[in-house]
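Participant: Just one file: run_26.csv, with CSV, C-alpha atoms.
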```
chain,number,residue,atom,x,y,z
A,1,MET,CA,-28.0,-11.4,-6.8
A,2,VAL,CA,-24.7,-10.2,-5.3
A,3,GLU,CA,-22.8,-11.2,-8.4
A,4,ILE,CA,-25.2,-9.3,-10.6
A,5,ILE,CA,-24.8,-6.1,-8.5
A,6,THR,CA,-21.0,-6.6,-8.6
A,7,LEU,CA,-21.0,-6.9,-12.3
A,8,ILE,CA,-23.2,-3.8,-12.8
A,9,LEU,CA,-21.0,-1.7,-10.5
A,10,MET,CA,-17.9,-2.9,-12.3
A,11,LEU,CA,-19.5,-1.9,-15.7
A,12,PHE,CA,-20.4,1.5,-14.1
A,13,VAL,CA,-16.7,2.0,-13.2
A,14,LEU,CA,-15.5,0.9,-16.7
A,15,SER,CA,-17.9,3.4,-18.2
A,16,PHE,CA,-15.4,6.1,-17.2
A,17,LEU,CA,-13.5,5.0,-20.3
A,18,MET,CA,-16.1,6.8,-22.4
A,19,GLY,CA,-15.9,9.9,-20.2
A,20,ASP,CA,-17.2,11.2,-16.9
A,21,ASN,CA,-20.9,10.2,-16.5
A,22,PRO,CA,-23.6,9.8,-13.8
A,23,PHE,CA,-23.1,6.0,-13.5
A,24,PHE,CA,-19.4,6.4,-12.7
A,25,LYS,CA,-20.1,9.3,-10.2
A,26,PHE,CA,-22.8,7.2,-8.5
A,27,THR,CA,-20.4,4.2,-8.1
A,28,GLU,CA,-17.6,6.5,-6.9
A,29,ARG,CA,-19.7,8.1,-4.2
A,30,LEU,CA,-21.1,4.7,-3.2
A,31,ILE,CA,-17.6,3.2,-2.7
A,32,VAL,CA,-16.3,6.3,-0.8
A,33,GLY,CA,-19.4,6.4,1.4
A,34,ILE,CA,-19.4,2.6,2.2
A,35,SER,CA,-15.6,2.7,2.9
A,36,ALA,CA,-15.9,5.7,5.2
A,37,GLY,CA,-18.8,4.3,7.1
A,38,TYR,CA,-17.3,0.8,7.5
A,39,GLY,CA,-13.9,2.3,8.4
A,40,PHE,CA,-15.4,4.5,11.1
A,41,LEU,CA,-17.4,1.6,12.7
A,42,LYS,CA,-14.4,-0.7,12.5
A,43,LEU,CA,-12.1,1.8,14.1
A,44,PHE,CA,-14.8,2.7,16.8
A,45,ASP,CA,-15.2,-1.0,17.6
A,46,ASP,CA,-11.6,-2.0,17.5
A,47,GLY,CA,-10.1,1.1,18.9
A,48,PHE,CA,-12.6,2.5,21.4
A,49,ILE,CA,-14.8,-0.4,22.5
A,50,LYS,CA,-12.3,-3.3,22.5
A,51,LYS,CA,-9.1,-1.4,23.4
A,52,PHE,CA,-10.5,1.3,25.8
A,53,TRP,CA,-14.0,0.8,27.0
A,54,ILE,CA,-14.0,-3.0,27.8
A,55,PRO,CA,-10.5,-3.0,29.5
A,56,LEU,CA,-11.5,0.1,31.5
A,57,VAL,CA,-15.0,-0.7,32.6
A,58,GLN,CA,-15.2,-4.5,32.6
A,59,GLU,CA,-11.6,-5.5,33.3
A,60,GLY,CA,-10.5,-2.6,35.6
A,61,GLN,CA,-7.3,-1.8,33.6
A,62,TYR,CA,-7.2,1.9,34.5
A,63,TRP,CA,-3.8,2.5,32.8
A,64,VAL,CA,-5.7,2.6,29.4
A,65,ILE,CA,-6.9,6.1,30.5
A,66,ILE,CA,-3.5,7.5,29.4
A,67,PRO,CA,-3.6,6.3,25.8
A,68,GLY,CA,-7.3,7.1,25.8
A,69,LEU,CA,-6.7,10.7,26.7
A,70,LEU,CA,-3.9,11.0,24.1
A,71,GLY,CA,-6.3,9.8,21.5
A,72,MET,CA,-9.1,12.2,22.6
A,73,MET,CA,-6.6,15.1,22.3
A,74,PHE,CA,-6.9,14.8,18.6
A,75,PHE,CA,-10.3,16.4,18.9
A,76,PHE,CA,-8.6,19.7,19.8
A,77,THR,CA,-7.9,20.0,16.1
A,78,PHE,CA,-11.4,21.5,15.8
A,79,SER,CA,-10.6,24.3,18.2
A,80,LYS,CA,-8.7,27.4,17.0
A,81,LYS,CA,-7.5,28.2,20.5
A,82,TRP,CA,-6.5,24.7,21.7
A,83,ASN,CA,-5.5,23.0,18.4
A,84,PHE,CA,-1.8,23.0,19.5
A,85,LEU,CA,-2.7,20.2,22.0
A,86,ALA,CA,-3.5,17.9,19.1
A,87,LYS,CA,0.2,18.0,18.1
A,88,TYR,CA,1.3,16.0,21.2
A,89,PRO,CA,-0.6,12.7,20.4
A,90,LEU,CA,0.5,13.1,16.8
A,91,ALA,CA,4.1,13.5,17.8
A,92,PHE,CA,3.8,10.5,20.1
A,93,LEU,CA,2.2,8.4,17.3
A,94,LEU,CA,4.8,9.4,14.7
A,95,GLY,CA,7.7,8.8,17.1
A,96,THR,CA,6.6,5.4,18.2
A,97,GLY,CA,5.8,4.4,14.6
A,98,VAL,CA,9.2,5.4,13.3
A,99,GLY,CA,10.9,3.7,16.3
A,100,LEU,CA,9.1,0.5,15.7
A,101,GLU,CA,9.5,0.5,12.0
A,102,ILE,CA,13.2,1.5,11.6
A,103,GLY,CA,14.6,-1.8,12.8
A,104,PRO,CA,12.5,-4.1,10.6
A,105,ARG,CA,13.0,-1.7,7.7
A,106,ILE,CA,16.7,-1.8,8.0
A,107,GLU,CA,16.7,-5.6,8.2
A,108,THR,CA,14.3,-6.2,5.3
A,109,SER,CA,15.2,-3.3,3.0
A,110,ILE,CA,19.0,-3.1,3.5
A,111,LEU,CA,20.6,-6.1,5.3
A,112,ARG,CA,18.6,-8.8,3.5
A,113,GLN,CA,19.1,-7.1,0.1
A,114,ILE,CA,22.8,-6.9,0.7
A,115,ASN,CA,22.8,-10.6,1.8
A,116,ALA,CA,20.9,-11.6,-1.3
A,117,THR,CA,23.4,-10.0,-3.6
A,118,ALA,CA,26.4,-11.4,-1.8
A,119,VAL,CA,26.2,-14.9,-3.3
A,120,ASN,CA,28.9,-17.6,-3.7
A,121,PHE,CA,28.8,-18.5,-7.4
A,122,SER,CA,30.5,-21.9,-6.9
A,123,GLY,CA,28.2,-24.8,-7.7
A,124,MET,CA,25.7,-22.6,-9.7
A,125,SER,CA,24.6,-23.2,-13.2
A,126,ALA,CA,25.4,-20.6,-15.9
A,127,GLY,CA,21.7,-19.4,-15.9
A,128,GLN,CA,21.8,-18.8,-12.1
A,129,VAL,CA,25.1,-16.9,-12.4
A,130,ILE,CA,23.6,-14.7,-15.2
A,131,ASN,CA,20.5,-14.1,-13.1
A,132,TYR,CA,22.5,-12.9,-10.1
A,133,ILE,CA,24.7,-10.7,-12.2
A,134,ILE,CA,21.6,-9.0,-13.7
A,135,ILE,CA,20.2,-8.5,-10.1
A,136,LEU,CA,23.5,-7.0,-9.0
A,137,VAL,CA,23.8,-4.7,-12.0
A,138,ALA,CA,20.2,-3.6,-11.5
A,139,LEU,CA,20.9,-2.9,-7.8
A,140,LEU,CA,24.0,-0.9,-8.3
A,141,THR,CA,22.8,1.2,-11.3
A,142,THR,CA,19.5,2.0,-9.6
A,143,MET,CA,21.4,3.1,-6.4
A,144,TYR,CA,23.7,5.2,-8.6
A,145,TYR,CA,20.7,6.9,-10.2
A,146,PHE,CA,19.5,8.0,-6.7
A,147,LEU,CA,22.9,9.3,-5.6
A,148,PHE,CA,22.3,12.8,-6.8
A,149,VAL,CA,25.5,14.2,-5.4
A,150,LEU,CA,27.5,12.3,-8.0
A,151,ARG,CA,28.4,14.0,-11.3
A,152,ARG,CA,26.5,13.1,-14.5
A,153,ASP,CA,28.4,15.1,-17.1
A,154,ARG,CA,30.4,12.1,-18.5
A,155,PRO,CA,29.0,9.7,-21.0
A,156,ALA,CA,29.8,6.6,-18.8
A,157,GLU,CA,28.1,8.2,-15.8
A,158,LYS,CA,25.0,9.0,-17.9
A,159,LEU,CA,25.0,5.5,-19.2
A,160,ILE,CA,25.0,4.0,-15.7
A,161,ALA,CA,22.2,6.3,-14.6
A,162,ASN,CA,20.1,5.4,-17.8
A,163,ILE,CA,20.6,1.7,-17.1
A,164,GLY,CA,19.3,2.3,-13.6
A,165,ILE,CA,16.2,4.1,-15.1
A,166,PHE,CA,15.7,1.2,-17.5
A,167,PHE,CA,15.6,-1.4,-14.6
A,168,MET,CA,13.2,0.8,-12.6
A,169,MET,CA,10.9,1.1,-15.6
A,170,LEU,CA,11.0,-2.7,-15.9
A,171,GLY,CA,10.0,-3.0,-12.3
A,172,PHE,CA,7.2,-0.4,-12.5
A,173,GLY,CA,5.9,-2.0,-15.7
A,174,ALA,CA,5.9,-5.5,-14.3
A,175,SER,CA,4.1,-4.3,-11.1
A,176,PHE,CA,1.5,-2.4,-13.1
A,177,GLY,CA,1.0,-5.3,-15.5
A,178,TYR,CA,0.5,-7.7,-12.6
A,179,THR,CA,-2.1,-5.4,-11.0
A,180,ILE,CA,-4.0,-5.1,-14.3
A,181,MET,CA,-3.9,-8.9,-14.8
A,182,GLY,CA,-5.3,-9.4,-11.3
A,183,ARG,CA,-8.2,-6.9,-12.0
A,184,ILE,CA,-9.0,-8.4,-15.4
A,185,SER,CA,-9.0,-11.9,-13.8
A,186,LEU,CA,-11.4,-10.7,-11.2
A,187,LEU,CA,-13.7,-9.2,-13.9
A,188,ILE,CA,-13.6,-12.4,-15.9
A,189,GLU,CA,-14.5,-14.4,-12.8
A,190,VAL,CA,-17.5,-12.1,-12.1
A,191,ILE,CA,-18.7,-12.3,-15.7
A,192,ASN,CA,-18.4,-16.1,-15.6
A,193,ILE,CA,-20.5,-16.3,-12.4
A,194,PHE,CA,-23.0,-13.9,-14.0
A,195,PHE,CA,-23.5,-16.1,-17.0
A,196,GLU,CA,-23.7,-19.2,-14.9
A,197,LYS,CA,-26.5,-17.6,-12.9
A,198,ILE,CA,-28.3,-16.6,-16.2
A,199,THR,CA,-28.0,-20.1,-17.7
A,200,SER,CA,-29.2,-21.7,-14.5
A,201,ILE,CA,-32.4,-19.5,-14.6
A,202,PHE,CA,-33.2,-20.3,-18.2
```
Once more with this new file: its structure as structure tokens, please.

Facilitator:
Amino acid sequence: MVEIITLILMLFVLSFLMGDNPFFKFTERLIVGISAGYGFLKLFDDGFIKKFWIPLVQEGQYWVIIPGLLGMMFFFTFSKKWNFLAKYPLAFLLGTGVGLEIGPRIETSILRQINATAVNFSGMSAGQVINYIIILVALLTTMYYFLFVLRRDRPAEKLIANIGIFFMMLGFGASFGYTIMGRISLLIEVINIFFEKITSIF
């Protein structure tokens, strides 16, 4: 029964290809409503019950009052007079988030990328050397494209920037194609399950 409902909802979503219609609107509102309801209950259970109420009431960890009050200060957003108080927990949240993310981001996005391009070519096959050269060219030309302070009025500079655009389009296209393939595979799997259910009934 679940597979049949899943297939029907997927067909309702695909009906948008023929234009906006009531079936697509129903599915859209259903997904948004279920996601909002589930998200609220999940956050309430994980954030308030497990992280605040149980440690405070059952375990006697009174220090959780401080983050609890910071979180509750977000409700001042609904007050025109006291809405400035909601900026303090937001600033704390953004500050700690940036501080915790900047280290791993530098390591994964910069240091590891530099280490991956700094390769010793000795002992590699011709195919591996060509592969690393392509990666290096893609890295340098893409970085050059995003360095907007450099001049672009010469043909060689325009060529380097266009090569960077070409590699970016390859990456975006491959990512988009991979996403589409995954969705189509999911649709095929649901259709196969649906037909298996139908054949088992008859």

Participant: So how far away is atom CA of Ile102 of chain A from atom CA of Ala86 of chain A, in Å?

Facilitator: 24.6 Å

Participant: Write out as a list in words each polymer residue whose atoms come within 10 Å of segment 129-132 of chain A, counting all atoms listed in the file; drop sequence neighbours fewer than 3 positions from it.

Facilitator: Ala116, Thr117, Ala118, Val119, Asn120, Phe121, Ser122, Gly123, Met124, Ser125, Ala126, Ile135, Leu136, Val137 and Ala138 of chain A

Participant: Could you write out the selected residues, including C-alpha atoms, as a tab-separated table (two decimals), keeping the file's coordinate frame?

Facilitator:
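out.tsv, freshly written:
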```tsv
chain	number	residue	atom	x	y	z
A	116	ALA	CA	20.90	-11.60	-1.30
A	117	THR	CA	23.40	-10.00	-3.60
A	118	ALA	CA	26.40	-11.40	-1.80
A	119	VAL	CA	26.20	-14.90	-3.30
A	120	ASN	CA	28.90	-17.60	-3.70
A	121	PHE	CA	28.80	-18.50	-7.40
A	122	SER	CA	30.50	-21.90	-6.90
A	123	GLY	CA	28.20	-24.80	-7.70
A	124	MET	CA	25.70	-22.60	-9.70
A	125	SER	CA	24.60	-23.20	-13.20
A	126	ALA	CA	25.40	-20.60	-15.90
A	135	ILE	CA	20.20	-8.50	-10.10
A	136	LEU	CA	23.50	-7.00	-9.00
A	137	VAL	CA	23.80	-4.70	-12.00
A	138	ALA	CA	20.20	-3.60	-11.50
```

Participant: I'd like the interatomic distance between atom CA of Gly99 of chain A and atom CA of Lys50 of chain A, to a tenth of an Å.

Facilitator: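 Result for atom CA of Gly99 of chain A versus atom CA of Lys50 of chain A: 25.0 Å, one decimal.
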
Participant: Can you pull out the residues contacting Gly68 of chain A? Cut-off 10 Å, using only C-alpha atoms, and skip same-chain residues under 6 positions away; I want them as a PyMOL selection string.

Facilitator: chain A and resi 47-48+51-53+56

Participant: What gap, in Å, lies between atom CA of Leu140 of chain A and atom CA of Pro104 of chain A?

Facilitator: 22.4 Å

Participant: With all atoms listed in the file as the basis for distance, which of A:Ile165, A:Met181, A:Leu9, A:Leu100 is at the shortest distance from Thr141 of chain A?

Facilitator: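 When distances to Thr141 of chain A are compared using all atoms listed in the file, the smallest one comes from A:Ile165.
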
Participant: Closest to Phe194 of chain A among A:Leu7, A:Leu43, A:Met18, A:Met169, using all atoms listed in the file?

Facilitator: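 Using all atoms listed in the file, Phe194 of chain A sits closest to A:Leu7.
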
Participant: Pick out the closest residue to Thr77 of chain A from this set: A:Ile65, A:Leu90, A:Val190, A:Lys25. Count all atoms listed in the file.

Facilitator: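 Of all the options, A:Leu90 lies closest to Thr77 of chain A.
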
Participant: Go through A:Ile8, A:Val57, A:Met168, A:Leu186 one by one, measure the shortest atom-to-atom distance of each to Phe24 of chain A using all atoms listed in the file, and give the residue with the smallest value.

Facilitator: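 Among A:Ile8, A:Val57, A:Met168, A:Leu186, it is A:Ile8 that comes nearest to Phe24 of chain A.
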
Participant: What lies within 8 Å of Tyr144 of chain A using all atoms listed in the file, ignoring chain neighbours under 6 positions off, as a CSV table (one decimal) with C-alpha atoms, in the frame of the given file?

Facilitator:
```csv
chain,number,residue,atom,x,y,z
A,160,ILE,CA,25.0,4.0,-15.7
A,161,ALA,CA,22.2,6.3,-14.6
A,164,GLY,CA,19.3,2.3,-13.6
```

Participant: How would segment 66-118 of chain A look written as a PDB file, in the first residue's frame with C-alpha atoms?

Facilitator:
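The resulting file, selection30.pdb, is reproduced below:
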```pdb
ATOM      1  CA  ILE A  66      21.827  29.643  30.247  1.00  0.00           C
ATOM      2  CA  PRO A  67      21.528  28.138  26.721  1.00  0.00           C
ATOM      3  CA  GLY A  68      17.813  27.628  27.369  1.00  0.00           C
ATOM      4  CA  LEU A  69      17.312  31.336  28.072  1.00  0.00           C
ATOM      5  CA  LEU A  70      19.366  32.227  24.995  1.00  0.00           C
ATOM      6  CA  GLY A  71      17.162  30.020  22.883  1.00  0.00           C
ATOM      7  CA  MET A  72      13.976  31.446  24.351  1.00  0.00           C
ATOM      8  CA  MET A  73      15.187  34.959  23.548  1.00  0.00           C
ATOM      9  CA  PHE A  74      14.420  34.197  19.905  1.00  0.00           C
ATOM     10  CA  PHE A  75      10.735  34.623  20.782  1.00  0.00           C
ATOM     11  CA  PHE A  76      11.355  38.361  21.246  1.00  0.00           C
ATOM     12  CA  THR A  77      11.293  38.512  17.442  1.00  0.00           C
ATOM     13  CA  PHE A  78       7.488  38.728  17.680  1.00  0.00           C
ATOM     14  CA  SER A  79       7.683  41.889  19.830  1.00  0.00           C
ATOM     15  CA  LYS A  80       8.210  45.252  18.146  1.00  0.00           C
ATOM     16  CA  LYS A  81       9.521  46.782  21.362  1.00  0.00           C
ATOM     17  CA  TRP A  82      11.891  44.009  22.484  1.00  0.00           C
ATOM     18  CA  ASN A  83      12.848  42.410  19.154  1.00  0.00           C
ATOM     19  CA  PHE A  84      16.434  43.685  19.502  1.00  0.00           C
ATOM     20  CA  LEU A  85      16.964  41.060  22.240  1.00  0.00           C
ATOM     21  CA  ALA A  86      16.620  38.319  19.629  1.00  0.00           C
ATOM     22  CA  LYS A  87      19.846  39.530  18.021  1.00  0.00           C
ATOM     23  CA  TYR A  88      21.976  38.346  20.957  1.00  0.00           C
ATOM     24  CA  PRO A  89      21.304  34.602  20.633  1.00  0.00           C
ATOM     25  CA  LEU A  90      21.548  34.947  16.845  1.00  0.00           C
ATOM     26  CA  ALA A  91      24.967  36.594  17.155  1.00  0.00           C
ATOM     27  CA  PHE A  92      26.081  33.893  19.602  1.00  0.00           C
ATOM     28  CA  LEU A  93      24.845  31.166  17.257  1.00  0.00           C
ATOM     29  CA  LEU A  94      26.544  32.637  14.192  1.00  0.00           C
ATOM     30  CA  GLY A  95      29.758  33.361  16.061  1.00  0.00           C
ATOM     31  CA  THR A  96      30.147  29.870  17.485  1.00  0.00           C
ATOM     32  CA  GLY A  97      29.104  28.328  14.165  1.00  0.00           C
ATOM     33  CA  VAL A  98      31.720  30.259  12.218  1.00  0.00           C
ATOM     34  CA  GLY A  99      34.368  29.565  14.842  1.00  0.00           C
ATOM     35  CA  LEU A 100      33.722  25.832  14.811  1.00  0.00           C
ATOM     36  CA  GLU A 101      33.525  25.630  11.017  1.00  0.00           C
ATOM     37  CA  ILE A 102      36.464  27.755   9.932  1.00  0.00           C
ATOM     38  CA  GLY A 103      39.139  25.277  11.047  1.00  0.00           C
ATOM     39  CA  PRO A 104      37.703  22.158   9.330  1.00  0.00           C
ATOM     40  CA  ARG A 105      36.789  24.242   6.263  1.00  0.00           C
ATOM     41  CA  ILE A 106      40.358  25.469   5.856  1.00  0.00           C
ATOM     42  CA  GLU A 107      41.673  21.932   6.242  1.00  0.00           C
ATOM     43  CA  THR A 108      39.237  20.253   3.849  1.00  0.00           C
ATOM     44  CA  SER A 109      38.699  23.007   1.291  1.00  0.00           C
ATOM     45  CA  ILE A 110      42.201  24.502   1.112  1.00  0.00           C
ATOM     46  CA  LEU A 111      44.950  22.411   2.690  1.00  0.00           C
ATOM     47  CA  ARG A 112      43.770  19.034   1.413  1.00  0.00           C
ATOM     48  CA  GLN A 113      43.123  20.460  -2.048  1.00  0.00           C
ATOM     49  CA  ILE A 114      46.622  21.905  -2.168  1.00  0.00           C
ATOM     50  CA  ASN A 115      48.054  18.604  -0.941  1.00  0.00           C
ATOM     51  CA  ALA A 116      46.081  16.706  -3.599  1.00  0.00           C
ATOM     52  CA  THR A 117      47.548  18.823  -6.411  1.00  0.00           C
ATOM     53  CA  ALA A 118      51.121  18.649  -5.083  1.00  0.00           C
TER      54      ALA A 118
END
```
